[in-house]
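K.L.:
Have a look at the structure that comes next, please.
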Amino acid sequence: MTKREEESSAHDERWMSQAIDLARRAMDEGEVPIGCVIVHGDRVIGRGWNRTEKAEDPTAHAEMLAITAAATTLGYARLEGARAYVTVEPCLMCAGALLLARVDAVVYGAPEPKFGALQSQFRVLEAEGLNHYFEARGGVLADESVSLLKGFFREKRRGA
């Protein structure tokens, strides 16, 4: 690995750690533990964690809430120059919203084999004719994200 790749990896892990903290917050609230941090330059402009149960809103995914917060922070709907760090591969709805927001990149932890829309189940970025594409990279701190998910669903099955 080159020095630049090492720096990029450390940078991505720094932001993903913050997304994992948000995923823990979701879990503490009884939500599926997914967190998202949106960064512009070296500044967090949006944060979100799953709130679908608490908000009684199927669109209250971590990414959707982080996108809204980021747009509010910037005062503009386009998040050009921003990177989203998500603990789990975004679903179709969230991948579409990230495309519409025009982020530069999405870095995620764990793949989502049932609903993942970047590289697992669906491959949104392979659609032809889109007016925007972003870089997508998975596997950053994936073990931590998977561990949170497994622990959450294990407790759900136990009835906790």
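In the structure tokens, the first chain shown is A, the next is B, and so on; residue numbers restart at 1 for each chain, and ligands run from 1 in the order shown.
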When you look at Ala71 (chain A) with a cut-off of 12 Å (counting only C-alpha atoms), what residues show up, excluding the ones that are within fewer than 2 positions of it in the same chain? I need them as a ChimeraX atom specification.
P.N.:
/A:38-40,44-47,64-69,73-80,82,97-98,100-103
K.L.:
I need the residues from that last selection saved to file as a CSV table (one decimal), in the first residue's frame (with N, CA, C and O atoms), if you can.
P.N.:
chain,number,residue,atom,x,y,z
A,38,ILE,N,-21.7,12.6,6.9
A,38,ILE,CA,-21.3,13.2,5.6
A,38,ILE,C,-20.3,14.3,5.9
A,38,ILE,O,-20.5,15.1,6.8
A,39,VAL,N,-19.2,14.2,5.2
A,39,VAL,CA,-18.0,15.0,5.4
A,39,VAL,C,-17.8,15.9,4.1
A,39,VAL,O,-17.8,15.4,3.0
A,40,HIS,N,-17.5,17.1,4.3
A,40,HIS,CA,-17.1,18.0,3.2
A,40,HIS,C,-15.7,18.6,3.6
A,40,HIS,O,-15.7,19.3,4.7
A,44,VAL,N,-17.5,17.7,9.3
A,44,VAL,CA,-18.8,16.9,9.3
A,44,VAL,C,-19.9,17.9,9.0
A,44,VAL,O,-20.0,18.9,9.8
A,45,ILE,N,-20.7,17.7,8.0
A,45,ILE,CA,-21.8,18.6,7.7
A,45,ILE,C,-23.1,17.9,7.9
A,45,ILE,O,-24.2,18.6,7.9
A,46,GLY,N,-23.2,16.6,8.1
A,46,GLY,CA,-24.4,15.9,8.4
A,46,GLY,C,-24.2,14.6,9.1
A,46,GLY,O,-23.2,13.9,8.8
A,47,ARG,N,-25.1,14.3,10.0
A,47,ARG,CA,-25.1,13.0,10.8
A,47,ARG,C,-26.5,12.4,10.8
A,47,ARG,O,-27.4,13.2,10.8
A,64,MET,N,-30.6,9.1,4.8
A,64,MET,CA,-31.6,10.2,4.5
A,64,MET,C,-31.6,11.3,5.5
A,64,MET,O,-31.6,12.5,5.1
A,65,LEU,N,-31.4,11.0,6.8
A,65,LEU,CA,-31.4,12.0,7.8
A,65,LEU,C,-30.0,12.8,7.7
A,65,LEU,O,-30.0,14.0,7.9
A,66,ALA,N,-29.0,12.1,7.4
A,66,ALA,CA,-27.7,12.8,7.2
A,66,ALA,C,-27.7,13.7,6.0
A,66,ALA,O,-27.1,14.8,6.1
A,67,ILE,N,-28.3,13.3,4.9
A,67,ILE,CA,-28.4,14.1,3.7
A,67,ILE,C,-29.1,15.4,4.0
A,67,ILE,O,-28.7,16.5,3.7
A,68,THR,N,-30.3,15.3,4.7
A,68,THR,CA,-31.1,16.4,5.1
A,68,THR,C,-30.3,17.4,6.0
A,68,THR,O,-30.3,18.6,5.7
A,69,ALA,N,-29.6,16.8,7.0
A,69,ALA,CA,-28.7,17.7,7.8
A,69,ALA,C,-27.6,18.3,7.1
A,69,ALA,O,-27.3,19.5,7.3
A,73,THR,N,-27.0,22.3,6.6
A,73,THR,CA,-25.7,22.9,6.9
A,73,THR,C,-25.1,23.8,5.8
A,73,THR,O,-24.7,24.9,6.0
A,74,LEU,N,-25.2,23.2,4.6
A,74,LEU,CA,-24.6,24.0,3.5
A,74,LEU,C,-25.6,25.0,2.9
A,74,LEU,O,-25.2,25.9,2.2
A,75,GLY,N,-26.9,24.9,3.2
A,75,GLY,CA,-27.9,25.8,2.7
A,75,GLY,C,-28.1,25.5,1.2
A,75,GLY,O,-28.5,26.4,0.5
A,76,TYR,N,-27.9,24.3,0.8
A,76,TYR,CA,-28.0,24.0,-0.6
A,76,TYR,C,-28.2,22.5,-0.8
A,76,TYR,O,-27.6,21.7,0.0
A,77,ALA,N,-29.0,22.1,-1.7
A,77,ALA,CA,-29.4,20.7,-1.9
A,77,ALA,C,-28.3,19.8,-2.5
A,77,ALA,O,-28.3,18.6,-2.3
A,78,ARG,N,-27.3,20.4,-3.2
A,78,ARG,CA,-26.2,19.7,-3.8
A,78,ARG,C,-25.1,19.5,-2.8
A,78,ARG,O,-24.6,20.5,-2.3
A,79,LEU,N,-24.6,18.3,-2.6
A,79,LEU,CA,-23.5,18.0,-1.7
A,79,LEU,C,-22.2,17.7,-2.4
A,79,LEU,O,-21.5,16.8,-2.1
A,80,GLU,N,-22.0,18.4,-3.5
A,80,GLU,CA,-20.8,18.2,-4.3
A,80,GLU,C,-19.6,18.4,-3.4
A,80,GLU,O,-19.5,19.4,-2.6
A,82,ALA,N,-18.6,16.3,-1.2
A,82,ALA,CA,-18.9,15.6,0.1
A,82,ALA,C,-18.7,14.1,-0.1
A,82,ALA,O,-18.9,13.5,-1.2
A,97,ALA,N,-31.0,8.7,-3.2
A,97,ALA,CA,-30.9,10.0,-2.6
A,97,ALA,C,-29.5,10.6,-2.6
A,97,ALA,O,-29.2,11.8,-2.8
A,98,LEU,N,-28.5,9.7,-2.4
A,98,LEU,CA,-27.1,10.1,-2.5
A,98,LEU,C,-26.7,10.5,-3.9
A,98,LEU,O,-25.9,11.5,-4.1
A,100,LEU,N,-28.9,11.8,-6.1
A,100,LEU,CA,-29.6,13.1,-6.3
A,100,LEU,C,-28.9,14.3,-5.5
A,100,LEU,O,-28.8,15.4,-6.0
A,101,ALA,N,-28.3,13.9,-4.4
A,101,ALA,CA,-27.5,14.9,-3.6
A,101,ALA,C,-26.2,15.2,-4.2
A,101,ALA,O,-25.5,16.2,-3.9
A,102,ARG,N,-25.7,14.4,-5.1
A,102,ARG,CA,-24.5,14.5,-5.9
A,102,ARG,C,-23.2,14.5,-5.0
A,102,ARG,O,-22.3,15.3,-5.2
A,103,VAL,N,-23.2,13.5,-4.0
A,103,VAL,CA,-22.0,13.3,-3.3
A,103,VAL,C,-20.9,12.8,-4.2
A,103,VAL,O,-21.2,12.2,-5.2
K.L.:
Return as CSV the residues of region 82-144 of chain A lying at most 8 Å from region 9-15 of chain A, together with the closest atom-to-atom pair for each and the distance in Å to one decimal, counting only C-alpha atoms, with rows in chain order and ascending residue number.
P.N.:
residue,atom,partner,partner_atom,distance
A:Tyr85,CA,A:Trp15,CA,6.5
A:Val107,CA,A:Asp12,CA,7.5
A:Val140,CA,A:Glu13,CA,6.5
A:Leu141,CA,A:Glu13,CA,6.7
K.L.:
Please provide the set of residues having any atom within 7 Å of Cys36 (chain A), restricted to only C-alpha atoms, with same-chain residues fewer than 3 positions apart removed, written as a PDB file with all heavy atoms, in the first residue's frame.
P.N.:
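Saved file part.pdb follows:
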ATOM      1  N   ALA A  19     -19.369   7.151  12.269  1.00  0.00           N
ATOM      2  CA  ALA A  19     -20.625   6.542  11.809  1.00  0.00           C
ATOM      3  C   ALA A  19     -20.987   5.345  12.691  1.00  0.00           C
ATOM      4  O   ALA A  19     -22.163   5.133  13.014  1.00  0.00           O
ATOM      5  CB  ALA A  19     -20.500   6.123  10.342  1.00  0.00           C
ATOM      6  N   ARG A  47     -25.090  14.289  10.013  1.00  0.00           N
ATOM      7  CA  ARG A  47     -25.052  13.028  10.752  1.00  0.00           C
ATOM      8  C   ARG A  47     -26.454  12.444  10.771  1.00  0.00           C
ATOM      9  O   ARG A  47     -27.432  13.190  10.815  1.00  0.00           O
ATOM     10  CB  ARG A  47     -24.625  13.251  12.201  1.00  0.00           C
ATOM     11  CG  ARG A  47     -23.209  13.668  12.412  1.00  0.00           C
ATOM     12  CD  ARG A  47     -22.938  13.875  13.923  1.00  0.00           C
ATOM     13  NE  ARG A  47     -21.554  14.202  14.168  1.00  0.00           N
ATOM     14  CZ  ARG A  47     -21.041  15.429  14.120  1.00  0.00           C
ATOM     15  NH1 ARG A  47     -21.822  16.448  13.835  1.00  0.00           N
ATOM     16  NH2 ARG A  47     -19.767  15.626  14.356  1.00  0.00           N
ATOM     17  N   GLY A  48     -26.518  11.120  10.794  1.00  0.00           N
ATOM     18  CA  GLY A  48     -27.817  10.477  10.930  1.00  0.00           C
ATOM     19  C   GLY A  48     -27.654   9.055  11.419  1.00  0.00           C
ATOM     20  O   GLY A  48     -26.594   8.450  11.259  1.00  0.00           O
ATOM     21  N   TRP A  49     -28.678   8.558  12.050  1.00  0.00           N
ATOM     22  CA  TRP A  49     -28.741   7.169  12.467  1.00  0.00           C
ATOM     23  C   TRP A  49     -30.163   6.727  12.257  1.00  0.00           C
ATOM     24  O   TRP A  49     -31.078   7.551  12.201  1.00  0.00           O
ATOM     25  CB  TRP A  49     -28.278   6.973  13.918  1.00  0.00           C
ATOM     26  CG  TRP A  49     -29.064   7.736  14.938  1.00  0.00           C
ATOM     27  CD1 TRP A  49     -30.151   7.297  15.645  1.00  0.00           C
ATOM     28  CD2 TRP A  49     -28.859   9.089  15.352  1.00  0.00           C
ATOM     29  NE1 TRP A  49     -30.624   8.285  16.479  1.00  0.00           N
ATOM     30  CE2 TRP A  49     -29.837   9.392  16.321  1.00  0.00           C
ATOM     31  CE3 TRP A  49     -27.930  10.073  15.003  1.00  0.00           C
ATOM     32  CZ2 TRP A  49     -29.930  10.641  16.937  1.00  0.00           C
ATOM     33  CZ3 TRP A  49     -28.026  11.313  15.618  1.00  0.00           C
ATOM     34  CH2 TRP A  49     -29.004  11.576  16.570  1.00  0.00           C
ATOM     35  N   ALA A  62     -30.583   6.263   8.194  1.00  0.00           N
ATOM     36  CA  ALA A  62     -29.427   7.065   8.594  1.00  0.00           C
ATOM     37  C   ALA A  62     -28.972   8.000   7.469  1.00  0.00           C
ATOM     38  O   ALA A  62     -28.723   9.186   7.690  1.00  0.00           O
ATOM     39  CB  ALA A  62     -28.288   6.143   9.018  1.00  0.00           C
ATOM     40  N   GLU A  63     -28.883   7.464   6.259  1.00  0.00           N
ATOM     41  CA  GLU A  63     -28.405   8.264   5.132  1.00  0.00           C
ATOM     42  C   GLU A  63     -29.349   9.412   4.811  1.00  0.00           C
ATOM     43  O   GLU A  63     -28.900  10.531   4.540  1.00  0.00           O
ATOM     44  CB  GLU A  63     -28.250   7.396   3.869  1.00  0.00           C
ATOM     45  CG  GLU A  63     -27.299   6.246   4.023  1.00  0.00           C
ATOM     46  CD  GLU A  63     -27.973   4.939   4.425  1.00  0.00           C
ATOM     47  OE1 GLU A  63     -28.957   4.973   5.197  1.00  0.00           O
ATOM     48  OE2 GLU A  63     -27.504   3.880   3.967  1.00  0.00           O
ATOM     49  N   ALA A  66     -28.955  12.098   7.391  1.00  0.00           N
ATOM     50  CA  ALA A  66     -27.663  12.771   7.238  1.00  0.00           C
ATOM     51  C   ALA A  66     -27.664  13.691   6.019  1.00  0.00           C
ATOM     52  O   ALA A  66     -27.101  14.795   6.070  1.00  0.00           O
ATOM     53  CB  ALA A  66     -26.538  11.742   7.141  1.00  0.00           C
ATOM     54  N   ALA A  84     -19.912  10.450   1.908  1.00  0.00           N
ATOM     55  CA  ALA A  84     -20.792   9.851   2.914  1.00  0.00           C
ATOM     56  C   ALA A  84     -20.145   8.585   3.450  1.00  0.00           C
ATOM     57  O   ALA A  84     -19.658   7.753   2.671  1.00  0.00           O
ATOM     58  CB  ALA A  84     -22.150   9.527   2.303  1.00  0.00           C
ATOM     59  N   TYR A  85     -20.126   8.444   4.753  1.00  0.00           N
ATOM     60  CA  TYR A  85     -19.588   7.259   5.429  1.00  0.00           C
ATOM     61  C   TYR A  85     -20.757   6.575   6.109  1.00  0.00           C
ATOM     62  O   TYR A  85     -21.392   7.158   6.999  1.00  0.00           O
ATOM     63  CB  TYR A  85     -18.512   7.655   6.449  1.00  0.00           C
ATOM     64  CG  TYR A  85     -17.296   8.207   5.774  1.00  0.00           C
ATOM     65  CD1 TYR A  85     -17.210   9.553   5.453  1.00  0.00           C
ATOM     66  CD2 TYR A  85     -16.246   7.371   5.416  1.00  0.00           C
ATOM     67  CE1 TYR A  85     -16.090  10.059   4.796  1.00  0.00           C
ATOM     68  CE2 TYR A  85     -15.127   7.873   4.759  1.00  0.00           C
ATOM     69  CZ  TYR A  85     -15.063   9.210   4.451  1.00  0.00           C
ATOM     70  OH  TYR A  85     -13.967   9.702   3.796  1.00  0.00           O
ATOM     71  N   VAL A  86     -21.064   5.357   5.669  1.00  0.00           N
ATOM     72  CA  VAL A  86     -22.224   4.628   6.151  1.00  0.00           C
ATOM     73  C   VAL A  86     -21.768   3.261   6.646  1.00  0.00           C
ATOM     74  O   VAL A  86     -20.974   2.596   5.978  1.00  0.00           O
ATOM     75  CB  VAL A  86     -23.266   4.436   5.021  1.00  0.00           C
ATOM     76  CG1 VAL A  86     -24.568   3.905   5.581  1.00  0.00           C
ATOM     77  CG2 VAL A  86     -23.496   5.715   4.255  1.00  0.00           C
ATOM     78  N   THR A  87     -22.307   2.829   7.771  1.00  0.00           N
ATOM     79  CA  THR A  87     -21.855   1.569   8.352  1.00  0.00           C
ATOM     80  C   THR A  87     -22.277   0.358   7.539  1.00  0.00           C
ATOM     81  O   THR A  87     -21.632  -0.684   7.604  1.00  0.00           O
ATOM     82  CB  THR A  87     -22.347   1.420   9.804  1.00  0.00           C
ATOM     83  OG1 THR A  87     -23.772   1.524   9.830  1.00  0.00           O
ATOM     84  CG2 THR A  87     -21.728   2.489  10.693  1.00  0.00           C
TER      85      THR A  87
END
K.L.:
Show me, as a ChimeraX atom specification, the residues that have an atom within 7 Å of Ala136 (chain A) when counting only C-alpha atoms, minus same-chain residues fewer than 2 positions from it.
P.N.:
/A:105-107,134,138
K.L.:
Produce a file of the selected residues containing N, CA and C atoms, as a PDB file, in the first residue's frame.
P.N.:
ATOM      1  N   ALA A 105     -18.515  10.620  -3.107  1.00  0.00           N
ATOM      2  CA  ALA A 105     -18.171   9.243  -2.773  1.00  0.00           C
ATOM      3  C   ALA A 105     -19.038   8.743  -1.636  1.00  0.00           C
ATOM      4  N   VAL A 106     -19.229   7.421  -1.634  1.00  0.00           N
ATOM      5  CA  VAL A 106     -19.890   6.732  -0.524  1.00  0.00           C
ATOM      6  C   VAL A 106     -18.944   5.624  -0.085  1.00  0.00           C
ATOM      7  N   VAL A 107     -18.571   5.668   1.180  1.00  0.00           N
ATOM      8  CA  VAL A 107     -17.712   4.659   1.778  1.00  0.00           C
ATOM      9  C   VAL A 107     -18.572   3.939   2.798  1.00  0.00           C
ATOM     10  N   PHE A 134     -20.992   8.444  -8.412  1.00  0.00           N
ATOM     11  CA  PHE A 134     -20.035   8.667  -7.335  1.00  0.00           C
ATOM     12  C   PHE A 134     -19.183   7.427  -7.132  1.00  0.00           C
ATOM     13  N   GLY A 138     -16.549  -0.303  -0.305  1.00  0.00           N
ATOM     14  CA  GLY A 138     -17.026  -0.996   0.882  1.00  0.00           C
ATOM     15  C   GLY A 138     -15.909  -1.652   1.658  1.00  0.00           C
TER      16      GLY A 138
END
K.L.:
From the options A:Glu89, A:Glu155, A:Glu56, A:Glu128, which residue's atoms come nearest to Gly35 (chain A), counting only C-alpha atoms?
P.N.:
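So, comparing all the options, the nearest one is A:Glu89.
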